[in-house]
file model_18.txt (compact mmCIF, C-alpha atoms)
# COMPACT_ATOMS: atom_id res chain seq x y z
CA MET A 259 0.00 0.00 0.00
CA SER A 260 1.41 3.42 -0.93
CA GLU A 261 2.12 5.93 1.81
CA GLU A 262 -0.31 8.82 2.30
CA ASN A 263 0.58 12.08 0.59
CA PRO A 264 2.21 14.15 3.37
CA SER A 265 0.44 17.32 2.16
CA LEU A 266 -2.88 15.72 3.17
CA VAL A 267 -1.87 15.35 6.83
CA PRO A 268 -1.78 18.41 9.14
CA LEU A 269 1.38 18.99 11.15
CA PRO A 270 1.39 19.91 14.86
CA GLY A 271 1.57 23.64 15.54
CA HIS A 272 0.57 24.64 12.01
CA LEU A 273 -2.26 26.96 10.95
CA TYR A 274 -4.01 25.92 7.72
CA VAL A 275 -5.88 28.64 5.84
CA VAL A 276 -8.45 26.59 3.95
CA ALA A 277 -10.64 27.82 1.09
CA THR A 278 -14.15 26.35 1.01
CA PRO A 279 -16.80 26.31 -1.75
CA ILE A 280 -18.56 29.59 -2.55
CA GLY A 281 -21.75 27.73 -3.39
CA ASN A 282 -21.19 24.41 -5.11
CA THR A 283 -20.07 21.77 -2.60
CA ALA A 284 -18.52 19.73 -5.42
CA ASP A 285 -15.81 22.40 -5.70
CA VAL A 286 -14.19 21.31 -2.43
CA SER A 287 -10.72 19.88 -3.01
CA THR A 288 -9.32 16.55 -1.83
CA ARG A 289 -6.58 18.33 0.09
CA SER A 290 -8.93 20.72 1.91
CA THR A 291 -11.26 17.87 2.89
CA SER A 292 -8.34 15.81 4.18
CA ILE A 293 -6.86 18.65 6.23
CA LEU A 294 -10.24 19.66 7.67
CA SER A 295 -10.93 16.04 8.64
CA LYS A 296 -7.69 15.69 10.58
CA VAL A 297 -6.84 18.99 12.30
CA ASP A 298 -7.34 19.31 16.05
CA LEU A 299 -9.61 22.35 15.68
CA ILE A 300 -11.42 24.35 12.97
CA ALA A 301 -11.88 28.10 13.45
CA CYS A 302 -15.04 29.19 11.59
CA GLU A 303 -16.53 32.56 10.69
CA ASP A 304 -19.92 31.03 11.59
CA THR A 305 -19.93 27.59 13.19
CA ARG A 306 -23.51 26.95 12.05
CA THR A 307 -22.79 27.72 8.39
CA SER A 308 -19.55 25.73 8.37
CA GLY A 309 -21.18 22.99 10.43
CA MET A 310 -23.74 22.38 7.69
CA LEU A 311 -21.00 22.15 5.06
CA PHE A 312 -18.95 19.78 7.19
CA ALA A 313 -21.99 17.59 7.81
CA ARG A 314 -22.45 17.19 4.04
CA LEU A 315 -18.77 16.34 3.70
CA GLY A 316 -18.73 13.94 6.64
CA ILE A 317 -16.21 16.05 8.59
CA LYS A 318 -16.46 15.79 12.37
CA ARG A 319 -13.97 18.04 14.17
CA PRO A 320 -14.26 20.52 17.06
CA LEU A 321 -15.34 23.98 15.90
CA ILE A 322 -14.69 27.40 17.39
CA ALA A 323 -16.05 30.79 16.32
CA TYR A 324 -13.63 33.24 14.73
CA HIS A 325 -15.34 36.30 13.24
CA ASP A 326 -15.21 40.09 12.95
CA ARG A 327 -16.52 40.66 16.47
CA ASN A 328 -14.05 38.45 18.34
CA GLU A 329 -11.14 38.35 15.91
CA ARG A 330 -8.60 40.29 17.99
CA LYS A 331 -9.12 38.26 21.16
CA ALA A 332 -9.58 34.93 19.39
CA ALA A 333 -6.41 35.37 17.33
CA ALA A 334 -4.22 35.55 20.43
CA SER A 335 -5.94 32.52 21.97
CA LEU A 336 -5.58 30.44 18.82
CA VAL A 337 -1.89 31.28 18.50
CA GLU A 338 -1.36 30.02 22.04
CA ARG A 339 -3.03 26.75 21.11
CA LEU A 340 -0.87 26.49 18.01
CA GLN A 341 2.26 27.09 20.09
CA SER A 342 1.18 24.26 22.38
CA GLY A 343 1.25 21.91 19.39
CA GLU A 344 -2.34 21.83 18.13
CA SER A 345 -3.07 21.93 14.40
CA ILE A 346 -5.80 24.42 13.44
CA ALA A 347 -7.68 25.12 10.21
CA LEU A 348 -9.18 28.53 9.48
CA VAL A 349 -12.25 28.78 7.23
CA SER A 350 -14.71 31.51 6.30
CA ASP A 351 -18.39 31.05 5.46
CA ALA A 352 -17.42 30.65 1.80
CA GLY A 353 -14.33 31.16 -0.30
CA THR A 354 -10.82 32.05 0.84
CA PRO A 355 -10.30 33.36 4.40
CA ALA A 356 -8.88 36.89 4.75
CA ILE A 357 -10.24 37.93 1.32
CA SER A 358 -13.02 40.30 2.47
CA ASP A 359 -13.48 37.85 5.37
CA PRO A 360 -11.83 37.41 8.79
CA GLY A 361 -8.35 35.90 8.80
CA PHE A 362 -5.81 38.68 8.46
CA ARG A 363 -5.22 39.11 12.19
CA ILE A 364 -4.60 35.49 13.10
CA VAL A 365 -2.21 35.10 10.17
CA ARG A 366 -0.37 38.25 11.25
CA GLU A 367 -0.11 36.99 14.83
CA CYS A 368 1.19 33.65 13.59
CA ARG A 369 3.84 35.39 11.50
CA ARG A 370 4.89 37.47 14.51
CA ALA A 371 5.15 34.33 16.66
CA ASN A 372 6.95 32.31 13.95
CA VAL A 373 4.04 29.85 13.78
CA PRO A 374 3.90 28.14 10.36
CA VAL A 375 0.95 29.14 8.14
CA VAL A 376 -0.02 26.86 5.25
CA PRO A 377 -2.39 27.93 2.44
CA ILE A 378 -4.88 25.37 1.12
CA PRO A 379 -6.07 27.18 -2.04
CA GLY A 380 -9.49 26.96 -3.59
CA PRO A 381 -12.55 29.02 -4.53
CA CYS A 382 -12.54 32.81 -4.47
CA ALA A 383 -15.53 34.74 -5.81
CA PHE A 384 -13.76 37.59 -7.57
CA VAL A 385 -11.19 35.29 -9.22
CA THR A 386 -14.03 33.01 -10.33
CA LEU A 387 -15.84 35.83 -12.13
CA LEU A 388 -12.70 37.49 -13.50
CA SER A 389 -11.69 34.24 -15.19
CA VAL A 390 -14.87 34.17 -17.30
CA SER A 391 -15.59 37.90 -17.63
CA GLY A 392 -13.75 38.54 -20.88
CA LEU A 393 -12.41 41.75 -19.31
CA PRO A 394 -8.68 42.52 -18.95
CA SER A 395 -7.22 40.31 -16.22
CA ASP A 396 -3.49 40.96 -16.51
CA SER A 397 -3.65 43.85 -14.03
CA PHE A 398 -6.50 44.74 -11.71
CA LEU A 399 -7.50 46.46 -8.47
CA TYR A 400 -9.56 44.41 -6.04
CA VAL A 401 -11.22 46.53 -3.35
CA GLY A 402 -13.79 44.20 -1.76
CA PHE A 403 -16.93 45.89 -0.43
CA LEU A 404 -17.28 49.62 -1.02
CA PRO A 405 -18.59 51.93 1.76
CA PRO A 406 -22.34 51.72 2.52
CA LYS A 407 -22.97 55.43 1.85
CA SER A 408 -23.79 56.47 -1.71
CA ALA A 409 -21.59 59.58 -1.56
CA ALA A 410 -18.53 57.47 -0.74
CA ARG A 411 -19.25 55.01 -3.56
CA ARG A 412 -19.70 57.85 -6.04
CA ARG A 413 -16.44 59.39 -4.89
CA PHE A 414 -14.68 56.05 -5.47
CA LEU A 415 -16.12 55.79 -8.98
CA GLU A 416 -15.10 59.37 -9.79
CA GLU A 417 -11.56 58.73 -8.53
CA HIS A 418 -11.27 55.60 -10.69
CA LYS A 419 -13.18 56.81 -13.73
CA GLU A 420 -9.96 57.10 -15.76
CA PHE A 421 -8.17 54.21 -14.01
CA GLU A 422 -6.10 52.19 -16.46
CA ARG A 423 -6.68 48.83 -14.81
CA THR A 424 -9.71 46.61 -14.21
CA VAL A 425 -11.52 47.32 -10.92
CA ILE A 426 -13.27 44.58 -8.94
CA VAL A 427 -15.75 45.12 -6.10
CA TYR A 428 -18.20 43.09 -4.05
CA GLU A 429 -21.73 44.33 -3.44
CA SER A 430 -24.66 43.10 -1.37
CA CYS A 431 -28.20 42.46 -2.52
CA HIS A 432 -29.30 45.46 -0.46
CA ARG A 433 -27.20 48.00 -2.39
CA ILE A 434 -26.65 46.50 -5.83
CA GLU A 435 -29.47 48.46 -7.51
CA LYS A 436 -28.16 51.74 -6.13
CA PHE A 437 -24.63 50.85 -7.18
CA MET A 438 -25.74 50.06 -10.73
CA ALA A 439 -27.44 53.46 -10.92
CA GLU A 440 -24.31 55.14 -9.57
CA MET A 441 -22.11 53.42 -12.16
CA GLU A 442 -24.45 54.51 -14.93
CA ASP A 443 -24.43 58.09 -13.69
CA VAL A 444 -20.66 58.38 -13.09
CA LEU A 445 -19.18 56.04 -15.71
CA GLY A 446 -21.80 56.27 -18.46
CA LEU A 447 -23.79 53.68 -20.38
CA ASP A 448 -20.84 52.77 -22.63
CA ARG A 449 -18.54 51.54 -19.86
CA VAL A 450 -17.93 47.78 -20.07
CA ILE A 451 -18.61 45.79 -16.92
CA CYS A 452 -19.21 42.22 -15.84
CA ILE A 453 -21.63 41.41 -13.06
CA GLY A 454 -21.97 38.00 -11.43
CA ARG A 455 -24.58 36.76 -8.96
CA GLU A 456 -24.72 33.53 -6.95
CA LEU A 457 -21.53 32.21 -8.55
CA THR A 458 -21.30 28.38 -8.79
CA LYS A 459 -24.83 28.04 -7.39
CA LYS A 460 -28.03 26.83 -9.05
CA PHE A 461 -29.15 30.30 -10.11
CA GLU A 462 -25.74 31.61 -11.15
CA THR A 463 -26.04 34.65 -13.42
CA ILE A 464 -23.19 36.32 -15.32
CA HIS A 465 -23.50 39.28 -17.69
CA SER A 466 -20.66 40.98 -19.57
CA GLY A 467 -21.20 44.05 -21.73
CA THR A 468 -21.75 47.76 -21.53
CA ILE A 469 -23.80 49.15 -18.68
CA GLY A 470 -26.41 50.04 -21.28
CA ASP A 471 -26.54 46.44 -22.53
CA ILE A 472 -26.66 44.89 -19.07
CA LYS A 473 -29.11 47.36 -17.51
CA PRO A 474 -32.35 45.79 -18.87
CA LEU A 475 -31.13 42.26 -18.07
CA PHE A 476 -30.20 43.32 -14.56
CA GLU A 477 -33.52 45.07 -13.97
CA GLN A 478 -35.44 41.95 -14.99
CA GLY A 479 -33.32 39.53 -12.97
CA SER A 480 -33.29 38.59 -9.30
CA LYS A 481 -31.45 40.82 -6.84
CA LYS A 482 -30.99 38.09 -4.24
CA GLY A 483 -27.57 36.81 -3.27
CA GLU A 484 -24.06 38.22 -3.32
CA PHE A 485 -22.72 40.15 -6.31
CA VAL A 486 -19.30 40.64 -7.86
CA VAL A 487 -18.90 43.61 -10.18
CA ILE A 488 -15.94 44.06 -12.53
CA ILE A 489 -15.35 47.42 -14.23
CA ALA A 490 -13.15 47.52 -17.31
CA PRO A 491 -10.78 50.41 -18.07
CA LYS A 492 -12.46 53.28 -19.92
CA SER A 493 -10.71 52.50 -23.22
CA PHE A 494 -11.68 48.81 -23.25
CA GLU A 495 -14.18 47.46 -25.77
CA LEU A 496 -15.62 43.96 -26.01
call {"tool": "encode", "arguments": {"input": "model_18.txt", "output": "structure tokens"}}
result
Amino acid sequence: MSEENPSLVPLPGHLYVVATPIGNTADVSTRSTSILSKVDLIACEDTRTSGMLFARLGIKRPLIAYHDRNERKAAASLVERLQSGESIALVSDAGTPAISDPGFRIVRECRRANVPVVPIPGPCAFVTLLSVSGLPSDSFLYVGFLPPKSAARRRFLEEHKEFERTVIVYESCHRIEKFMAEMEDVLGLDRVICIGRELTKKFETIHSGTIGDIKPLFEQGSKKGEFVVIIAPKSFEL
């Protein structure tokens, strides 16, 4: 019998930053499943959300909450456990931890304490959409979620109206209609964008084209779920 691949077995005192599916459970990798099944502890953005995923995958490990509200305190505690020899996996509700999700602080504390940090790559919403957008992907600015106030979003759009690289943002279902109107007003109907909703899920929707082309499709479609919006440079044409 061949020996098990060592990359599938967590090492004592190591933090594993594990990407999880952004919607389609079939996207989980063999390596991430193996590591999650064998670590001493899994730190989750929401233990209930992750618990449902792990139940579907047959993973039964102790879970602990690690989210925006307790991140500073929890990071120090988790580093202590790592220094005592425990292996810990960090996951977010979906996608790659620390990319518009908690994770930055515990990784920073591990680096400061010389605790090994191992990436287990996988799904990431903005990379998923960028890869199929047809918009320039050789150089881009990813900014995550823009501020909740309209004035701040408009200011961002004005500042990047002539930006020479692709711009990528996340937006919630609660603000996506306002953001579309703001893009139309600031950037104009001819600006090329790509907008993706519910990526990898049953009702995945992806539209690439000018704001003028996409506007009627967007208005007719569902506004539920999380959105990724990609804005092409002003000079770009499909």
call {"tool": "atom_distance", "arguments": {"input": "model_18.txt", "atom1": "CA of Thr291 in chain A", "atom2": "CA of Pro381 in chain A"}}
result
13.5 Å
call {"tool": "closest_residue", "arguments": {"input": "model_18.txt", "among": "A:Asp285, A:Asp304, A:Glu416, A:Glu422", "to": "Gly446 in chain A", "atoms": "only C-alpha atoms"}}
result
A:Glu416
call {"tool": "atom_distance", "arguments": {"input": "model_18.txt", "atom1": "CA of Lys407 in chain A", "atom2": "CA of Arg330 in chain A"}}
result
26.4 Å
call {"tool": "residues_near_point", "arguments": {"input": "model_18.txt", "point": "(-18.7, 24.3, -7.2)", "cutoff": "10 Å", "atoms": "all atoms listed in the file", "output": "list in words"}}
result
Thr278, Pro279, Ile280, Gly281, Asn282, Thr283, Ala284, Asp285, Val286, Pro381, Leu457, Thr458, Lys459 and Lys460 of chain A
call {"tool": "closest_residue", "arguments": {"input": "model_18.txt", "among": "A:His325, A:Arg449, A:Lys318, A:His272", "to": "Ser342 in chain A", "atoms": "only C-alpha atoms"}}
result
A:His272
call {"tool": "closest_residue", "arguments": {"input": "model_18.txt", "among": "A:Cys302, A:Leu294, A:Ile378, A:Val425", "to": "Glu329 in chain A", "atoms": "only C-alpha atoms"}}
result
A:Cys302
call {"tool": "residues_around", "arguments": {"input": "model_18.txt", "residues": "Glu367 in chain A", "least_positions_apart": "4", "cutoff": "10 Å", "atoms": "all atoms listed in the file", "output": "list in words"}}
result
Arg330, Ala333, Ala334, Leu336, Val337, Phe362, Arg363, Ala371, Asn372 and Val373 of chain A
call {"tool": "write_last_selection", "arguments": {"input": "model_18.txt", "atoms": "C-alpha atoms", "output": "short mmCIF file (atom, residue, chain, number, x, y, z; two decimals), in the coordinates of the input"}}
result
data_model
loop_
_atom_site.label_atom_id
_atom_site.label_comp_id
_atom_site.auth_asym_id
_atom_site.auth_seq_id
_atom_site.Cartn_x
_atom_site.Cartn_y
_atom_site.Cartn_z
CA ARG A 330 -8.60 40.29 17.99
CA ALA A 333 -6.41 35.37 17.33
CA ALA A 334 -4.22 35.55 20.43
CA LEU A 336 -5.58 30.44 18.82
CA VAL A 337 -1.89 31.28 18.50
CA PHE A 362 -5.81 38.68 8.46
CA ARG A 363 -5.22 39.11 12.19
CA ALA A 371 5.15 34.33 16.66
CA ASN A 372 6.95 32.31 13.95
CA VAL A 373 4.04 29.85 13.78
#
call {"tool": "atom_distance", "arguments": {"input": "model_18.txt", "atom1": "CA of Leu269 in chain A", "atom2": "CA of Pro379 in chain A"}}
result
17.2 Å
call {"tool": "residues_around", "arguments": {"input": "model_18.txt", "residues": "Phe403 in chain A", "least_positions_apart": "3", "cutoff": "8 Å", "atoms": "only C-alpha atoms", "output": "list of chain:residue names"}}
result
A:Ser358, A:Val427, A:Tyr428, A:Glu429
call {"tool": "write_last_selection", "arguments": {"input": "model_18.txt", "atoms": "C-alpha atoms", "output": "mmCIF file, in the coordinates of the input"}}
result
data_model
loop_
_atom_site.group_PDB
_atom_site.id
_atom_site.type_symbol
_atom_site.label_atom_id
_atom_site.label_comp_id
_atom_site.auth_asym_id
_atom_site.auth_seq_id
_atom_site.Cartn_x
_atom_site.Cartn_y
_atom_site.Cartn_z
ATOM 1 C CA SER A 358 -13.020 40.300 2.470
ATOM 2 C CA VAL A 427 -15.750 45.120 -6.100
ATOM 3 C CA TYR A 428 -18.200 43.090 -4.050
ATOM 4 C CA GLU A 429 -21.730 44.330 -3.440
#
call {"tool": "closest_residue", "arguments": {"input": "model_18.txt", "among": "A:Ala352, A:Ala313, A:Arg289, A:Pro270", "to": "Arg339 in chain A", "atoms": "all atoms listed in the file"}}
result
A:Pro270
call {"tool": "closest_residue", "arguments": {"input": "model_18.txt", "among": "A:Ile322, A:Leu445, A:Ala347, A:Leu393", "to": "Phe494 in chain A", "atoms": "all atoms listed in the file"}}
result
A:Leu393
call {"tool": "residues_around", "arguments": {"input": "model_18.txt", "residues": "Leu399 in chain A", "least_positions_apart": "4", "cutoff": "7 Å", "atoms": "only C-alpha atoms", "output": "list in words"}}
result
Arg423, Thr424, Val425 and Ile426 of chain A
call {"tool": "closest_residue", "arguments": {"input": "model_18.txt", "among": "A:Leu447, A:Ser391, A:Thr354, A:Ser287", "to": "Pro474 in chain A", "atoms": "all atoms listed in the file"}}
result
A:Leu447
call {"tool": "decode", "arguments": {"input": "model_18.txt", "residues": "range 306-388 of chain A", "atoms": "C-alpha atoms", "output": "mmCIF file, in the first residue's frame"}}
result
data_model
loop_
_atom_site.group_PDB
_atom_site.id
_atom_site.type_symbol
_atom_site.label_atom_id
_atom_site.label_comp_id
_atom_site.auth_asym_id
_atom_site.auth_seq_id
_atom_site.Cartn_x
_atom_site.Cartn_y
_atom_site.Cartn_z
ATOM 1 C CA ARG A 306 -23.514 26.955 12.050
ATOM 2 C CA THR A 307 -22.785 27.720 8.386
ATOM 3 C CA SER A 308 -19.548 25.730 8.374
ATOM 4 C CA GLY A 309 -21.180 22.986 10.428
ATOM 5 C CA MET A 310 -23.743 22.379 7.687
ATOM 6 C CA LEU A 311 -20.995 22.147 5.056
ATOM 7 C CA PHE A 312 -18.947 19.777 7.185
ATOM 8 C CA ALA A 313 -21.992 17.591 7.808
ATOM 9 C CA ARG A 314 -22.450 17.195 4.044
ATOM 10 C CA LEU A 315 -18.771 16.336 3.698
ATOM 11 C CA GLY A 316 -18.727 13.942 6.645
ATOM 12 C CA ILE A 317 -16.212 16.053 8.590
ATOM 13 C CA LYS A 318 -16.458 15.789 12.370
ATOM 14 C CA ARG A 319 -13.973 18.038 14.167
ATOM 15 C CA PRO A 320 -14.263 20.517 17.064
ATOM 16 C CA LEU A 321 -15.340 23.978 15.900
ATOM 17 C CA ILE A 322 -14.693 27.404 17.394
ATOM 18 C CA ALA A 323 -16.053 30.795 16.317
ATOM 19 C CA TYR A 324 -13.631 33.240 14.725
ATOM 20 C CA HIS A 325 -15.343 36.299 13.242
ATOM 21 C CA ASP A 326 -15.206 40.094 12.955
ATOM 22 C CA ARG A 327 -16.517 40.664 16.474
ATOM 23 C CA ASN A 328 -14.051 38.445 18.338
ATOM 24 C CA GLU A 329 -11.139 38.349 15.910
ATOM 25 C CA ARG A 330 -8.604 40.290 17.987
ATOM 26 C CA LYS A 331 -9.122 38.257 21.157
ATOM 27 C CA ALA A 332 -9.581 34.927 19.392
ATOM 28 C CA ALA A 333 -6.406 35.372 17.329
ATOM 29 C CA ALA A 334 -4.218 35.547 20.427
ATOM 30 C CA SER A 335 -5.935 32.523 21.968
ATOM 31 C CA LEU A 336 -5.579 30.442 18.819
ATOM 32 C CA VAL A 337 -1.888 31.280 18.496
ATOM 33 C CA GLU A 338 -1.363 30.021 22.039
ATOM 34 C CA ARG A 339 -3.026 26.747 21.109
ATOM 35 C CA LEU A 340 -0.867 26.492 18.005
ATOM 36 C CA GLN A 341 2.255 27.093 20.092
ATOM 37 C CA SER A 342 1.180 24.260 22.384
ATOM 38 C CA GLY A 343 1.249 21.906 19.390
ATOM 39 C CA GLU A 344 -2.337 21.830 18.126
ATOM 40 C CA SER A 345 -3.071 21.930 14.397
ATOM 41 C CA ILE A 346 -5.803 24.421 13.442
ATOM 42 C CA ALA A 347 -7.684 25.116 10.208
ATOM 43 C CA LEU A 348 -9.182 28.531 9.484
ATOM 44 C CA VAL A 349 -12.248 28.781 7.228
ATOM 45 C CA SER A 350 -14.714 31.515 6.299
ATOM 46 C CA ASP A 351 -18.385 31.052 5.459
ATOM 47 C CA ALA A 352 -17.419 30.654 1.804
ATOM 48 C CA GLY A 353 -14.332 31.161 -0.297
ATOM 49 C CA THR A 354 -10.823 32.054 0.843
ATOM 50 C CA PRO A 355 -10.296 33.359 4.403
ATOM 51 C CA ALA A 356 -8.882 36.890 4.752
ATOM 52 C CA ILE A 357 -10.245 37.932 1.319
ATOM 53 C CA SER A 358 -13.024 40.299 2.470
ATOM 54 C CA ASP A 359 -13.481 37.852 5.372
ATOM 55 C CA PRO A 360 -11.830 37.411 8.786
ATOM 56 C CA GLY A 361 -8.351 35.904 8.798
ATOM 57 C CA PHE A 362 -5.809 38.684 8.459
ATOM 58 C CA ARG A 363 -5.220 39.113 12.194
ATOM 59 C CA ILE A 364 -4.597 35.493 13.098
ATOM 60 C CA VAL A 365 -2.206 35.096 10.166
ATOM 61 C CA ARG A 366 -0.368 38.246 11.254
ATOM 62 C CA GLU A 367 -0.109 36.986 14.833
ATOM 63 C CA CYS A 368 1.193 33.654 13.590
ATOM 64 C CA ARG A 369 3.839 35.393 11.503
ATOM 65 C CA ARG A 370 4.886 37.469 14.506
ATOM 66 C CA ALA A 371 5.146 34.328 16.659
ATOM 67 C CA ASN A 372 6.948 32.309 13.951
ATOM 68 C CA VAL A 373 4.041 29.851 13.782
ATOM 69 C CA PRO A 374 3.904 28.136 10.359
ATOM 70 C CA VAL A 375 0.945 29.136 8.135
ATOM 71 C CA VAL A 376 -0.018 26.857 5.250
ATOM 72 C CA PRO A 377 -2.390 27.932 2.439
ATOM 73 C CA ILE A 378 -4.881 25.371 1.118
ATOM 74 C CA PRO A 379 -6.074 27.178 -2.040
ATOM 75 C CA GLY A 380 -9.489 26.956 -3.589
ATOM 76 C CA PRO A 381 -12.553 29.020 -4.533
ATOM 77 C CA CYS A 382 -12.541 32.813 -4.466
ATOM 78 C CA ALA A 383 -15.529 34.738 -5.812
ATOM 79 C CA PHE A 384 -13.756 37.595 -7.570
ATOM 80 C CA VAL A 385 -11.193 35.295 -9.220
ATOM 81 C CA THR A 386 -14.026 33.009 -10.334
ATOM 82 C CA LEU A 387 -15.842 35.831 -12.127
ATOM 83 C CA LEU A 388 -12.705 37.485 -13.502
#
